[in-house]
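One file, run.cif, carrying mmCIF, C-alpha atoms:
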```
data_model
loop_
_atom_site.group_PDB
_atom_site.id
_atom_site.type_symbol
_atom_site.label_atom_id
_atom_site.label_comp_id
_atom_site.auth_asym_id
_atom_site.auth_seq_id
_atom_site.Cartn_x
_atom_site.Cartn_y
_atom_site.Cartn_z
ATOM 1 C CA MET G 18 208.943 9.608 122.780
ATOM 2 C CA ALA G 19 210.128 10.853 119.334
ATOM 3 C CA VAL G 20 209.934 14.471 120.399
ATOM 4 C CA THR G 21 213.220 15.912 121.785
ATOM 5 C CA VAL G 22 213.008 19.060 123.786
ATOM 6 C CA PRO G 23 215.590 21.644 122.485
ATOM 7 C CA LYS G 24 218.342 22.533 124.945
ATOM 8 C CA ALA G 25 218.572 26.158 123.745
ATOM 9 C CA ARG G 26 216.340 28.898 122.433
ATOM 10 C CA VAL G 27 217.244 31.893 120.176
ATOM 11 C CA ILE G 28 216.276 35.013 122.041
ATOM 12 C CA ASP G 29 217.773 37.556 119.495
ATOM 13 C CA GLU G 30 219.327 36.885 116.093
ATOM 14 C CA ALA G 31 223.140 37.484 115.821
ATOM 15 C CA TYR G 32 224.267 40.632 114.024
ATOM 16 C CA ILE G 33 227.589 41.726 112.317
ATOM 17 C CA GLY G 34 229.543 44.199 114.486
ATOM 18 C CA PHE G 35 233.099 45.723 114.321
ATOM 19 C CA GLN G 36 236.513 44.343 115.368
ATOM 20 C CA VAL G 37 237.471 45.278 118.907
ATOM 21 C CA ALA G 38 241.021 43.837 118.983
ATOM 22 C CA PRO G 39 243.658 43.786 117.610
ATOM 23 C CA LYS G 40 243.333 47.214 116.011
ATOM 24 C CA SER G 41 244.418 46.648 112.394
ATOM 25 C CA MET G 42 245.384 50.242 111.583
ATOM 26 C CA VAL G 43 247.584 50.489 114.669
ATOM 27 C CA VAL G 44 249.345 47.245 113.751
ATOM 28 C CA LEU G 45 249.858 48.297 110.111
ATOM 29 C CA LEU G 46 251.109 51.769 111.061
ATOM 30 C CA SER G 47 253.504 50.335 113.664
ATOM 31 C CA GLY G 48 254.861 47.827 111.149
ATOM 32 C CA PHE G 49 255.358 50.548 108.540
ATOM 33 C CA LEU G 50 257.184 52.850 110.956
ATOM 34 C CA PHE G 51 259.307 50.011 112.341
ATOM 35 C CA GLY G 52 260.215 48.843 108.833
ATOM 36 C CA LEU G 53 261.173 52.392 107.839
ATOM 37 C CA ILE G 54 262.931 53.678 110.940
ATOM 38 C CA PHE G 55 264.797 50.509 111.959
ATOM 39 C CA PRO G 56 266.856 50.145 108.723
ATOM 40 C CA ILE G 57 267.563 53.893 108.671
ATOM 41 C CA ALA G 58 268.795 53.707 112.265
ATOM 42 C CA ILE G 59 271.074 50.748 111.450
ATOM 43 C CA ILE G 60 272.532 52.526 108.401
ATOM 44 C CA TYR G 61 273.041 55.715 110.415
ATOM 45 C CA LEU G 62 274.807 53.886 113.232
ATOM 46 C CA GLN G 63 277.015 52.013 110.765
ATOM 47 C CA GLU G 64 278.090 55.276 109.172
ATOM 48 C CA LEU G 65 278.479 56.924 112.583
ATOM 49 C CA PHE G 66 280.930 54.279 113.776
ATOM 50 C CA ASN G 67 282.597 53.729 110.390
ATOM 51 C CA ASN G 68 286.130 55.121 110.596
ATOM 52 C CA LYS G 69 287.575 53.356 107.530
ATOM 53 C CA VAL G 70 288.014 54.506 103.948
ATOM 54 C CA LYS G 71 285.818 52.433 101.638
ATOM 55 C CA THR G 72 285.376 54.121 98.290
ATOM 56 C CA LYS G 73 287.174 56.524 95.991
ATOM 57 C CA HIS G 74 284.587 59.148 96.930
ATOM 58 C CA ASP G 75 285.534 58.775 100.624
ATOM 59 C CA LEU G 76 289.178 59.296 99.697
ATOM 60 C CA GLU G 77 288.406 62.326 97.525
ATOM 61 C CA LYS G 78 286.659 64.073 100.439
ATOM 62 C CA LEU G 79 289.412 63.259 102.929
ATOM 63 C CA THR G 80 292.328 64.191 100.659
ATOM 64 C CA GLN G 81 290.678 67.482 99.721
ATOM 65 C CA LYS G 82 290.565 66.666 96.011
ATOM 66 C CA LYS G 83 294.168 65.506 95.696
ATOM 67 C CA PRO G 84 294.731 63.231 92.654
ATOM 68 C CA ILE G 85 293.569 59.611 92.960
ATOM 69 C CA ILE G 86 294.923 57.805 89.927
ATOM 70 C CA GLY G 87 294.094 54.150 90.554
ATOM 71 C CA GLU G 88 291.742 51.654 92.158
ATOM 72 C CA ILE G 89 293.021 48.112 92.616
ATOM 73 C CA PRO G 90 290.265 45.465 92.950
ATOM 74 C CA SER G 91 290.083 42.898 95.705
ATOM 75 C CA MET G 92 291.410 39.466 94.815
ATOM 76 C CA GLU G 93 288.918 36.656 94.563
ATOM 77 C CA ARG G 94 289.422 33.365 96.340
ATOM 78 C CA GLY G 95 292.142 31.348 94.636
ATOM 79 C CA GLN G 96 293.251 34.230 92.396
ATOM 80 C CA ASP G 97 296.981 34.629 91.774
ATOM 81 C CA GLU G 98 298.423 37.660 93.547
ATOM 82 C CA LEU G 99 300.799 38.581 90.718
ATOM 83 C CA VAL G 100 300.005 40.001 87.284
ATOM 84 C CA LYS G 101 301.183 37.717 84.482
ATOM 85 C CA MET G 102 302.505 38.738 81.084
ATOM 86 C CA ASN G 103 299.653 39.449 78.644
ATOM 87 C CA ASP G 104 297.245 39.209 81.582
ATOM 88 C CA LEU G 105 293.673 40.285 80.794
ATOM 89 C CA SER G 106 292.209 40.033 84.283
ATOM 90 C CA PRO G 107 290.440 43.011 85.912
ATOM 91 C CA MET G 108 293.405 43.432 88.274
ATOM 92 C CA ALA G 109 295.856 43.640 85.345
ATOM 93 C CA GLU G 110 293.607 46.195 83.649
ATOM 94 C CA SER G 111 293.479 48.279 86.826
ATOM 95 C CA PHE G 112 297.278 48.440 86.887
ATOM 96 C CA ARG G 113 297.356 49.473 83.217
ATOM 97 C CA ILE G 114 294.958 52.299 84.033
ATOM 98 C CA LEU G 115 297.180 53.264 86.975
ATOM 99 C CA ILE G 116 300.278 53.348 84.742
ATOM 100 C CA THR G 117 298.529 55.455 82.095
ATOM 101 C CA ASN G 118 297.457 58.019 84.705
ATOM 102 C CA MET G 119 300.859 57.933 86.398
ATOM 103 C CA ASN G 120 302.703 58.709 83.143
ATOM 104 C CA PHE G 121 300.922 62.070 82.921
ATOM 105 C CA MET G 122 302.603 63.067 86.190
ATOM 106 C CA PHE G 123 306.175 62.794 84.890
ATOM 107 C CA PRO G 124 307.908 65.806 83.326
ATOM 108 C CA LYS G 125 307.697 65.589 79.543
ATOM 109 C CA SER G 126 311.465 65.854 79.249
ATOM 110 C CA LEU G 127 312.017 62.787 81.423
ATOM 111 C CA LYS G 128 312.169 59.740 79.162
ATOM 112 C CA LEU G 129 314.629 57.477 80.984
ATOM 113 C CA GLY G 130 315.053 56.643 84.636
ATOM 114 C CA ARG G 131 311.547 57.511 85.799
ATOM 115 C CA THR G 132 311.667 56.911 89.542
ATOM 116 C CA VAL G 133 308.448 55.939 91.350
ATOM 117 C CA PHE G 134 308.294 55.691 95.124
ATOM 118 C CA VAL G 135 305.427 53.577 96.497
ATOM 119 C CA THR G 136 304.605 54.264 100.128
ATOM 120 C CA SER G 137 301.758 54.202 102.665
ATOM 121 C CA THR G 138 300.953 55.434 106.157
ATOM 122 C CA VAL G 139 301.160 52.134 108.061
ATOM 123 C CA LYS G 140 301.925 48.544 107.166
ATOM 124 C CA GLY G 141 299.219 46.257 105.802
ATOM 125 C CA GLU G 142 297.876 48.694 103.209
ATOM 126 C CA GLY G 143 299.356 46.795 100.259
ATOM 127 C CA LYS G 144 302.229 48.991 99.065
ATOM 128 C CA THR G 145 304.442 45.992 98.246
ATOM 129 C CA HIS G 146 301.573 44.345 96.363
ATOM 130 C CA VAL G 147 301.133 47.533 94.343
ATOM 131 C CA SER G 148 304.893 47.957 93.814
ATOM 132 C CA VAL G 149 305.460 44.435 92.527
ATOM 133 C CA ASN G 150 302.467 44.336 90.192
ATOM 134 C CA LEU G 151 303.188 47.839 88.939
ATOM 135 C CA ALA G 152 306.700 46.736 87.990
ATOM 136 C CA LEU G 153 305.487 43.473 86.436
ATOM 137 C CA THR G 154 302.875 45.303 84.355
ATOM 138 C CA ILE G 155 305.322 47.904 83.006
ATOM 139 C CA ALA G 156 308.168 45.481 82.263
ATOM 140 C CA SER G 157 308.180 44.491 78.586
ATOM 141 C CA PRO G 158 310.610 44.156 75.667
ATOM 142 C CA LYS G 159 310.323 47.929 75.165
ATOM 143 C CA LYS G 160 310.464 48.950 78.836
ATOM 144 C CA LYS G 161 313.303 47.886 81.113
ATOM 145 C CA VAL G 162 312.242 48.042 84.752
ATOM 146 C CA ILE G 163 313.882 47.475 88.129
ATOM 147 C CA ILE G 164 312.214 47.272 91.544
ATOM 148 C CA ILE G 165 314.099 48.047 94.759
ATOM 149 C CA GLY G 166 313.043 46.737 98.162
ATOM 150 C CA SER G 167 313.789 49.820 100.255
ATOM 151 C CA ASP G 168 311.825 48.808 103.343
ATOM 152 C CA ILE G 169 314.952 47.425 104.981
ATOM 153 C CA ARG G 170 313.450 47.219 108.477
ATOM 154 C CA ASN G 171 310.597 44.932 107.431
ATOM 155 C CA PRO G 172 311.464 43.401 104.036
ATOM 156 C CA GLN G 173 308.424 42.191 102.100
ATOM 157 C CA LEU G 174 309.752 41.849 98.554
ATOM 158 C CA GLN G 175 311.321 38.466 99.269
ATOM 159 C CA ARG G 176 308.013 36.858 100.208
ATOM 160 C CA TYR G 177 307.083 36.677 96.525
ATOM 161 C CA ASN G 178 310.105 34.451 95.930
ATOM 162 C CA THR G 179 311.296 32.806 99.133
ATOM 163 C CA GLU G 180 314.035 30.883 97.295
ATOM 164 C CA ARG G 181 315.936 34.168 96.867
ATOM 165 C CA LYS G 182 315.557 35.272 100.440
ATOM 166 C CA ASN G 183 319.270 35.132 101.310
ATOM 167 C CA LEU G 184 320.616 36.933 98.231
ATOM 168 C CA SER G 185 322.707 40.073 98.638
ATOM 169 C CA GLY G 186 320.615 43.198 98.399
ATOM 170 C CA LEU G 187 320.302 46.869 99.191
ATOM 171 C CA THR G 188 321.737 46.796 102.711
ATOM 172 C CA GLU G 189 324.897 45.029 101.518
ATOM 173 C CA PHE G 190 325.349 47.664 98.796
ATOM 174 C CA LEU G 191 324.818 50.549 101.220
ATOM 175 C CA TYR G 192 327.182 49.088 103.802
ATOM 176 C CA ASP G 193 330.106 47.972 101.627
ATOM 177 C CA ASP G 194 331.713 50.445 99.220
ATOM 178 C CA HIS G 195 333.357 47.574 97.352
ATOM 179 C CA ILE G 196 330.017 46.065 96.285
ATOM 180 C CA SER G 197 328.747 47.428 92.967
ATOM 181 C CA ALA G 198 325.155 47.689 91.792
ATOM 182 C CA ASP G 199 325.693 44.757 89.422
ATOM 183 C CA ASN G 200 326.414 42.522 92.417
ATOM 184 C CA VAL G 201 322.950 43.075 93.931
ATOM 185 C CA ILE G 202 320.784 43.187 90.770
ATOM 186 C CA HIS G 203 318.921 39.939 90.082
ATOM 187 C CA GLN G 204 316.531 38.977 87.303
ATOM 188 C CA SER G 205 312.918 38.442 88.333
ATOM 189 C CA ALA G 206 311.649 34.874 88.246
ATOM 190 C CA PHE G 207 308.260 36.102 86.991
ATOM 191 C CA ASN G 208 309.203 38.447 84.147
ATOM 192 C CA PRO G 209 312.481 38.347 82.166
ATOM 193 C CA TYR G 210 312.302 42.117 81.536
ATOM 194 C CA LEU G 211 312.160 42.961 85.243
ATOM 195 C CA ASP G 212 315.204 43.177 87.508
ATOM 196 C CA VAL G 213 315.097 43.176 91.303
ATOM 197 C CA ILE G 214 317.226 44.532 94.123
ATOM 198 C CA PHE G 215 316.054 42.784 97.278
ATOM 199 C CA SER G 216 316.225 44.462 100.675
ATOM 200 C CA GLY G 217 319.007 42.221 101.914
ATOM 201 C CA SER G 218 319.828 41.561 105.538
ATOM 202 C CA ILE G 219 318.004 43.538 108.228
ATOM 203 C CA PRO G 220 320.562 46.046 109.566
ATOM 204 C CA PRO G 221 320.815 47.483 113.091
ATOM 205 C CA ASN G 222 321.299 51.018 111.707
ATOM 206 C CA PRO G 223 318.946 51.548 108.725
ATOM 207 C CA THR G 224 318.824 55.337 109.109
ATOM 208 C CA GLU G 225 322.606 55.662 108.863
ATOM 209 C CA LEU G 226 322.770 53.384 105.818
ATOM 210 C CA LEU G 227 320.091 55.296 103.909
ATOM 211 C CA SER G 228 321.697 58.655 104.623
ATOM 212 C CA ASN G 229 325.341 57.814 103.861
ATOM 213 C CA GLY G 230 325.089 58.897 100.196
ATOM 214 C CA ARG G 231 325.307 55.445 98.617
ATOM 215 C CA TYR G 232 321.563 55.304 97.919
ATOM 216 C CA GLU G 233 321.736 58.451 95.799
ATOM 217 C CA ASP G 234 324.646 56.959 93.849
ATOM 218 C CA LEU G 235 322.637 53.784 93.234
ATOM 219 C CA ILE G 236 319.606 55.657 91.858
ATOM 220 C CA ALA G 237 321.825 57.841 89.640
ATOM 221 C CA GLU G 238 323.495 54.749 88.205
ATOM 222 C CA LEU G 239 320.210 52.927 87.595
ATOM 223 C CA LYS G 240 318.680 55.950 85.858
ATOM 224 C CA LYS G 241 321.171 55.520 83.034
ATOM 225 C CA VAL G 242 320.021 51.956 82.321
ATOM 226 C CA TYR G 243 316.342 51.544 83.235
ATOM 227 C CA ASP G 244 313.194 53.172 81.911
ATOM 228 C CA TYR G 245 311.419 52.838 85.261
ATOM 229 C CA ILE G 246 312.751 52.461 88.794
ATOM 230 C CA ILE G 247 310.038 51.272 91.211
ATOM 231 C CA VAL G 248 310.947 51.729 94.879
ATOM 232 C CA ASP G 249 309.023 49.852 97.579
ATOM 233 C CA THR G 250 309.555 52.077 100.618
ATOM 234 C CA ALA G 251 308.787 51.953 104.333
ATOM 235 C CA PRO G 252 305.493 53.298 105.795
ATOM 236 C CA LEU G 253 305.784 57.005 106.558
ATOM 237 C CA MET G 254 304.118 57.076 109.973
ATOM 238 C CA LEU G 255 306.178 54.269 111.484
ATOM 239 C CA VAL G 256 309.735 55.299 110.531
ATOM 240 C CA THR G 257 311.588 58.205 108.906
ATOM 241 C CA ASP G 258 313.476 56.050 106.377
ATOM 242 C CA THR G 259 311.369 57.034 103.370
ATOM 243 C CA LEU G 260 311.591 60.755 104.131
ATOM 244 C CA LEU G 261 315.399 60.536 104.026
ATOM 245 C CA ILE G 262 315.329 59.581 100.339
ATOM 246 C CA ALA G 263 311.982 61.109 99.279
ATOM 247 C CA ASP G 264 313.664 63.812 97.167
ATOM 248 C CA LEU G 265 314.862 61.145 94.725
ATOM 249 C CA ALA G 266 311.300 60.342 93.574
ATOM 250 C CA ASP G 267 309.862 61.747 90.363
ATOM 251 C CA VAL G 268 306.402 60.472 91.367
ATOM 252 C CA THR G 269 305.174 59.220 94.744
ATOM 253 C CA LEU G 270 302.257 56.777 94.891
ATOM 254 C CA TYR G 271 300.509 56.854 98.263
ATOM 255 C CA VAL G 272 298.696 53.554 98.843
ATOM 256 C CA THR G 273 295.561 53.312 100.985
ATOM 257 C CA ARG G 274 293.413 50.233 101.492
ATOM 258 C CA SER G 275 289.647 50.016 101.367
ATOM 259 C CA LYS G 276 288.017 48.962 104.677
ATOM 260 C CA HIS G 277 291.469 48.971 106.318
ATOM 261 C CA THR G 278 292.917 52.494 106.265
ATOM 262 C CA GLU G 279 291.446 54.654 109.022
ATOM 263 C CA LYS G 280 290.086 58.025 107.932
ATOM 264 C CA SER G 281 292.184 59.808 110.550
ATOM 265 C CA LEU G 282 295.362 58.538 108.860
ATOM 266 C CA ILE G 283 294.544 60.466 105.684
ATOM 267 C CA ASP G 284 295.082 63.681 107.650
ATOM 268 C CA PHE G 285 298.649 62.518 108.304
ATOM 269 C CA ALA G 286 299.142 61.941 104.573
ATOM 270 C CA ASN G 287 297.761 65.409 103.782
ATOM 271 C CA LYS G 288 300.235 67.010 106.183
ATOM 272 C CA GLN G 289 303.187 65.208 104.576
ATOM 273 C CA ILE G 290 302.111 66.417 101.138
ATOM 274 C CA GLU G 291 301.303 69.988 102.163
ATOM 275 C CA SER G 292 304.626 70.335 103.989
ATOM 276 C CA GLN G 293 306.324 69.057 100.779
ATOM 277 C CA ARG G 294 308.122 66.269 102.615
ATOM 278 C CA ILE G 295 307.011 64.054 99.736
ATOM 279 C CA LYS G 296 306.527 65.427 96.238
ATOM 280 C CA ASN G 297 304.373 64.910 93.160
ATOM 281 C CA VAL G 298 302.007 62.637 95.086
ATOM 282 C CA ALA G 299 298.973 60.702 93.882
ATOM 283 C CA PHE G 300 296.795 58.306 95.873
ATOM 284 C CA VAL G 301 296.000 54.688 95.008
ATOM 285 C CA LEU G 302 293.067 52.872 96.647
ATOM 286 C CA ASN G 303 293.883 49.193 97.067
ATOM 287 C CA ASP G 304 291.712 46.134 97.750
ATOM 288 C CA VAL G 305 288.470 47.720 96.550
ATOM 289 C CA ASN G 306 285.375 45.543 96.525
ATOM 290 C CA LYS G 307 283.521 45.627 93.200
ATOM 291 C CA GLU G 308 280.475 47.227 94.801
ATOM 292 C CA TYR G 309 282.631 50.171 95.923
ATOM 293 C CA PHE G 310 284.208 50.940 92.544
ATOM 294 C CA ALA G 311 283.660 54.403 91.127
ATOM 295 C CA TYR G 312 282.075 52.822 88.046
ATOM 296 C CA GLY G 313 279.944 50.403 90.051
ATOM 297 C CA ASN G 314 279.641 46.694 89.404
ATOM 298 C CA LYS G 315 280.400 47.083 85.714
ATOM 299 C CA TYR G 316 284.122 47.073 86.443
ATOM 300 C CA GLY G 317 285.884 44.488 84.353
ATOM 301 C CA TYR G 318 283.526 44.835 81.386
ATOM 302 C CA GLY G 319 285.127 42.738 78.650
ATOM 303 C CA TYR G 320 288.891 42.227 78.652
ATOM 304 C CA GLY G 321 288.784 38.729 80.041
ATOM 305 C CA ALA G 322 286.415 39.506 82.876
ATOM 306 C CA GLU G 323 284.568 36.486 84.182
ATOM 307 C CA HIS G 324 280.804 36.784 83.741
ATOM 308 C CA LYS G 325 278.728 34.752 86.210
ATOM 309 C CA ASN G 326 275.103 33.795 85.886
ATOM 310 C CA PHE G 327 272.695 34.009 88.808
ATOM 311 C CA LEU G 328 273.307 30.417 89.930
ATOM 312 C CA ASP G 329 277.091 30.879 89.920
ATOM 313 C CA LYS G 330 276.731 34.010 92.061
ATOM 314 C CA ILE G 331 274.626 32.108 94.602
ATOM 315 C CA LYS G 332 277.198 29.287 94.715
ATOM 316 C CA SER G 333 280.051 31.749 95.237
ATOM 317 C CA LEU G 334 278.362 33.032 98.397
ATOM 318 C CA PHE G 335 278.855 29.637 100.067
ATOM 319 C CA LYS G 336 282.481 29.127 99.006
#
```
Output the structure of this file as structure tokens.
Amino acid sequence: MAVTVPKARVIDEAYIGFQVAPKSMVVLLSGFLFGLIFPIAIIYLQELFNNKVKTKHDLEKLTQKKPIIGEIPSMERGQDELVKMNDLSPMAESFRILITNMNFMFPKSLKLGRTVFVTSTVKGEGKTHVSVNLALTIASPKKKVIIIGSDIRNPQLQRYNTERKNLSGLTEFLYDDHISADNVIHQSAFNPYLDVIFSGSIPPNPTELLSNGRYEDLIAELKKVYDYIIVDTAPLMLVTDTLLIADLADVTLYVTRSKHTEKSLIDFANKQIESQRIKNVAFVLNDVNKEYFAYGNKYGYGYGAEHKNFLDKIKSLFK
């Protein structure tokens, strides 16, 4: 009764064989190829469909080595759009670099009344942003500066100070021979050494106003008083206004915007320069992300740049 009959018998002892499935080498090779080819394909497709200027190197290729004298960094969340006096931020430093490079473009004999036209191909590229901060950065006790809002079809200069939106400006001066330049010059609310001529009322006949000869008289008069005359002009592709007065510029800054300006638009800019419709031209790349700067992520080294530790960088991703 204590004996239990076994339910099974070992006929042959088990032996160690080889793996039939899944085939490890096939899986590893497939994973390696997928991990290699898939990212390359994504990068290739991104570049294939990318039609926007991103970096200074992109702009250099498209402009056929025409001078690029400035890169303006993107603004961080909550950052003030305007450069302050004695500002040490990376944006203020970028404008100082731009001014230094720009000064090499003026004739050596020209000491007073240096006239700078700031233009772009289409709206939204940041020419007014560049114009205003350029003027604010130059203006100092030793340098008297005036900025003129010459985009009279779509005035943007007033948006930096909406309280002065209804002041007399350029269009009133161009229309009425009895209005003098002193009547339309106003002191900037942001820098006591900077004067402003706002665009004024939007006229029905901007082309006629800009070509009646009064604009030339205004620039000639201002040249006697100011060290720098910064002119915020209209986009070249949209209207002909800027081309009517382009001969008055000593230097023309052509503003493009990273991840906004289409590459095909640079060809339009090249044609304007090569046909000499605008003169002494240099490009400025606006709104550049730090990772796209020519000097890499080290932009802003020192000079009041904000240094973030690893934890701060992680937090900033979720803001």
(request) Taking the file as shown, find all residues satisfying the PyMOL selection byres ((chain G and resi 170-181) around 10) and write them as an MDAnalysis selection string. (result) chainID G and resid 98:99 140 144:146 148:149 164:169 182:185 203 205:207 213:224 249:252 256 258
(message) Set the distance at 7 Å and use all atoms listed in the file: which residues neighbour range 68-70 of chain G once local chain neighbours fewer than 6 positions away are removed? I'd like the list as a list in words.
(response)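 Once the adjacent positions are removed, what remains is Leu76, Ser275, Lys276, His277, Thr278, Glu279 and Lys280 of chain G.
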Quick one: which residues end up in the PyMOL selection byres ((chain G and resi 305) around 10) for this structure, as a PDB file with C-alpha atoms, keeping the file's coordinate frame?
```
ATOM      1  CA  LYS G  71     285.818  52.433 101.638  1.00  0.00           C
ATOM      2  CA  THR G  72     285.376  54.121  98.290  1.00  0.00           C
ATOM      3  CA  LYS G  73     287.174  56.524  95.991  1.00  0.00           C
ATOM      4  CA  GLU G  88     291.742  51.654  92.158  1.00  0.00           C
ATOM      5  CA  ILE G  89     293.021  48.112  92.616  1.00  0.00           C
ATOM      6  CA  PRO G  90     290.265  45.465  92.950  1.00  0.00           C
ATOM      7  CA  SER G  91     290.083  42.898  95.705  1.00  0.00           C
ATOM      8  CA  MET G  92     291.410  39.466  94.815  1.00  0.00           C
ATOM      9  CA  ARG G 274     293.413  50.233 101.492  1.00  0.00           C
ATOM     10  CA  SER G 275     289.647  50.016 101.367  1.00  0.00           C
ATOM     11  CA  LYS G 276     288.017  48.962 104.677  1.00  0.00           C
ATOM     12  CA  LEU G 302     293.067  52.872  96.647  1.00  0.00           C
ATOM     13  CA  ASN G 303     293.883  49.193  97.067  1.00  0.00           C
ATOM     14  CA  ASP G 304     291.712  46.134  97.750  1.00  0.00           C
ATOM     15  CA  ASN G 306     285.375  45.543  96.525  1.00  0.00           C
ATOM     16  CA  LYS G 307     283.521  45.627  93.200  1.00  0.00           C
ATOM     17  CA  GLU G 308     280.475  47.227  94.801  1.00  0.00           C
ATOM     18  CA  TYR G 309     282.631  50.171  95.923  1.00  0.00           C
ATOM     19  CA  PHE G 310     284.208  50.940  92.544  1.00  0.00           C
ATOM     20  CA  ALA G 311     283.660  54.403  91.127  1.00  0.00           C
TER      21      ALA G 311
END
```
(request) Please indicate the distance in Å from CA of Pro84 in chain G to CA of Ser106 in chain G, rounded to one decimal place. (result) 24.8 Å
(request) Go through the shown structure with the PyMOL selection byres ((chain G and resi 272) around 8) and write out the matching residues as JSON, numbers by chain. (result) {"G": [135, 136, 137, 138, 142, 143, 144, 147, 270, 271, 273, 274, 300, 301, 302, 303]}
(request) Point out the residue among G:Ala152, G:Leu115, G:Lys78, G:Ser157 with the least atom-to-atom distance to Asn103 in chain G, counting all atoms listed in the file. (result) G:Ser157
For a cut-off of 9 Å around (314.6, 58.1, 79.3), file coordinates, pick out all residues using only C-alpha atoms and list them as a PDB file with C-alpha atoms, keeping the file's coordinate frame.
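Saved file part.pdb follows:
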```pdb
ATOM      1  CA  SER G 126     311.465  65.854  79.249  1.00  0.00           C
ATOM      2  CA  LEU G 127     312.017  62.787  81.423  1.00  0.00           C
ATOM      3  CA  LYS G 128     312.169  59.740  79.162  1.00  0.00           C
ATOM      4  CA  LEU G 129     314.629  57.477  80.984  1.00  0.00           C
ATOM      5  CA  GLY G 130     315.053  56.643  84.636  1.00  0.00           C
ATOM      6  CA  ARG G 131     311.547  57.511  85.799  1.00  0.00           C
ATOM      7  CA  LYS G 240     318.680  55.950  85.858  1.00  0.00           C
ATOM      8  CA  LYS G 241     321.171  55.520  83.034  1.00  0.00           C
ATOM      9  CA  VAL G 242     320.021  51.956  82.321  1.00  0.00           C
ATOM     10  CA  TYR G 243     316.342  51.544  83.235  1.00  0.00           C
ATOM     11  CA  ASP G 244     313.194  53.172  81.911  1.00  0.00           C
ATOM     12  CA  TYR G 245     311.419  52.838  85.261  1.00  0.00           C
TER      13      TYR G 245
END
```
(request) Find the residues around Met119 in chain G up to 9 Å (all atoms listed in the file counted), leave out those fewer than 3 positions away in its own chain, and share them as an MDAnalysis selection string. (result) chainID G and resid 86:87 114:116 122:123 268 270 299
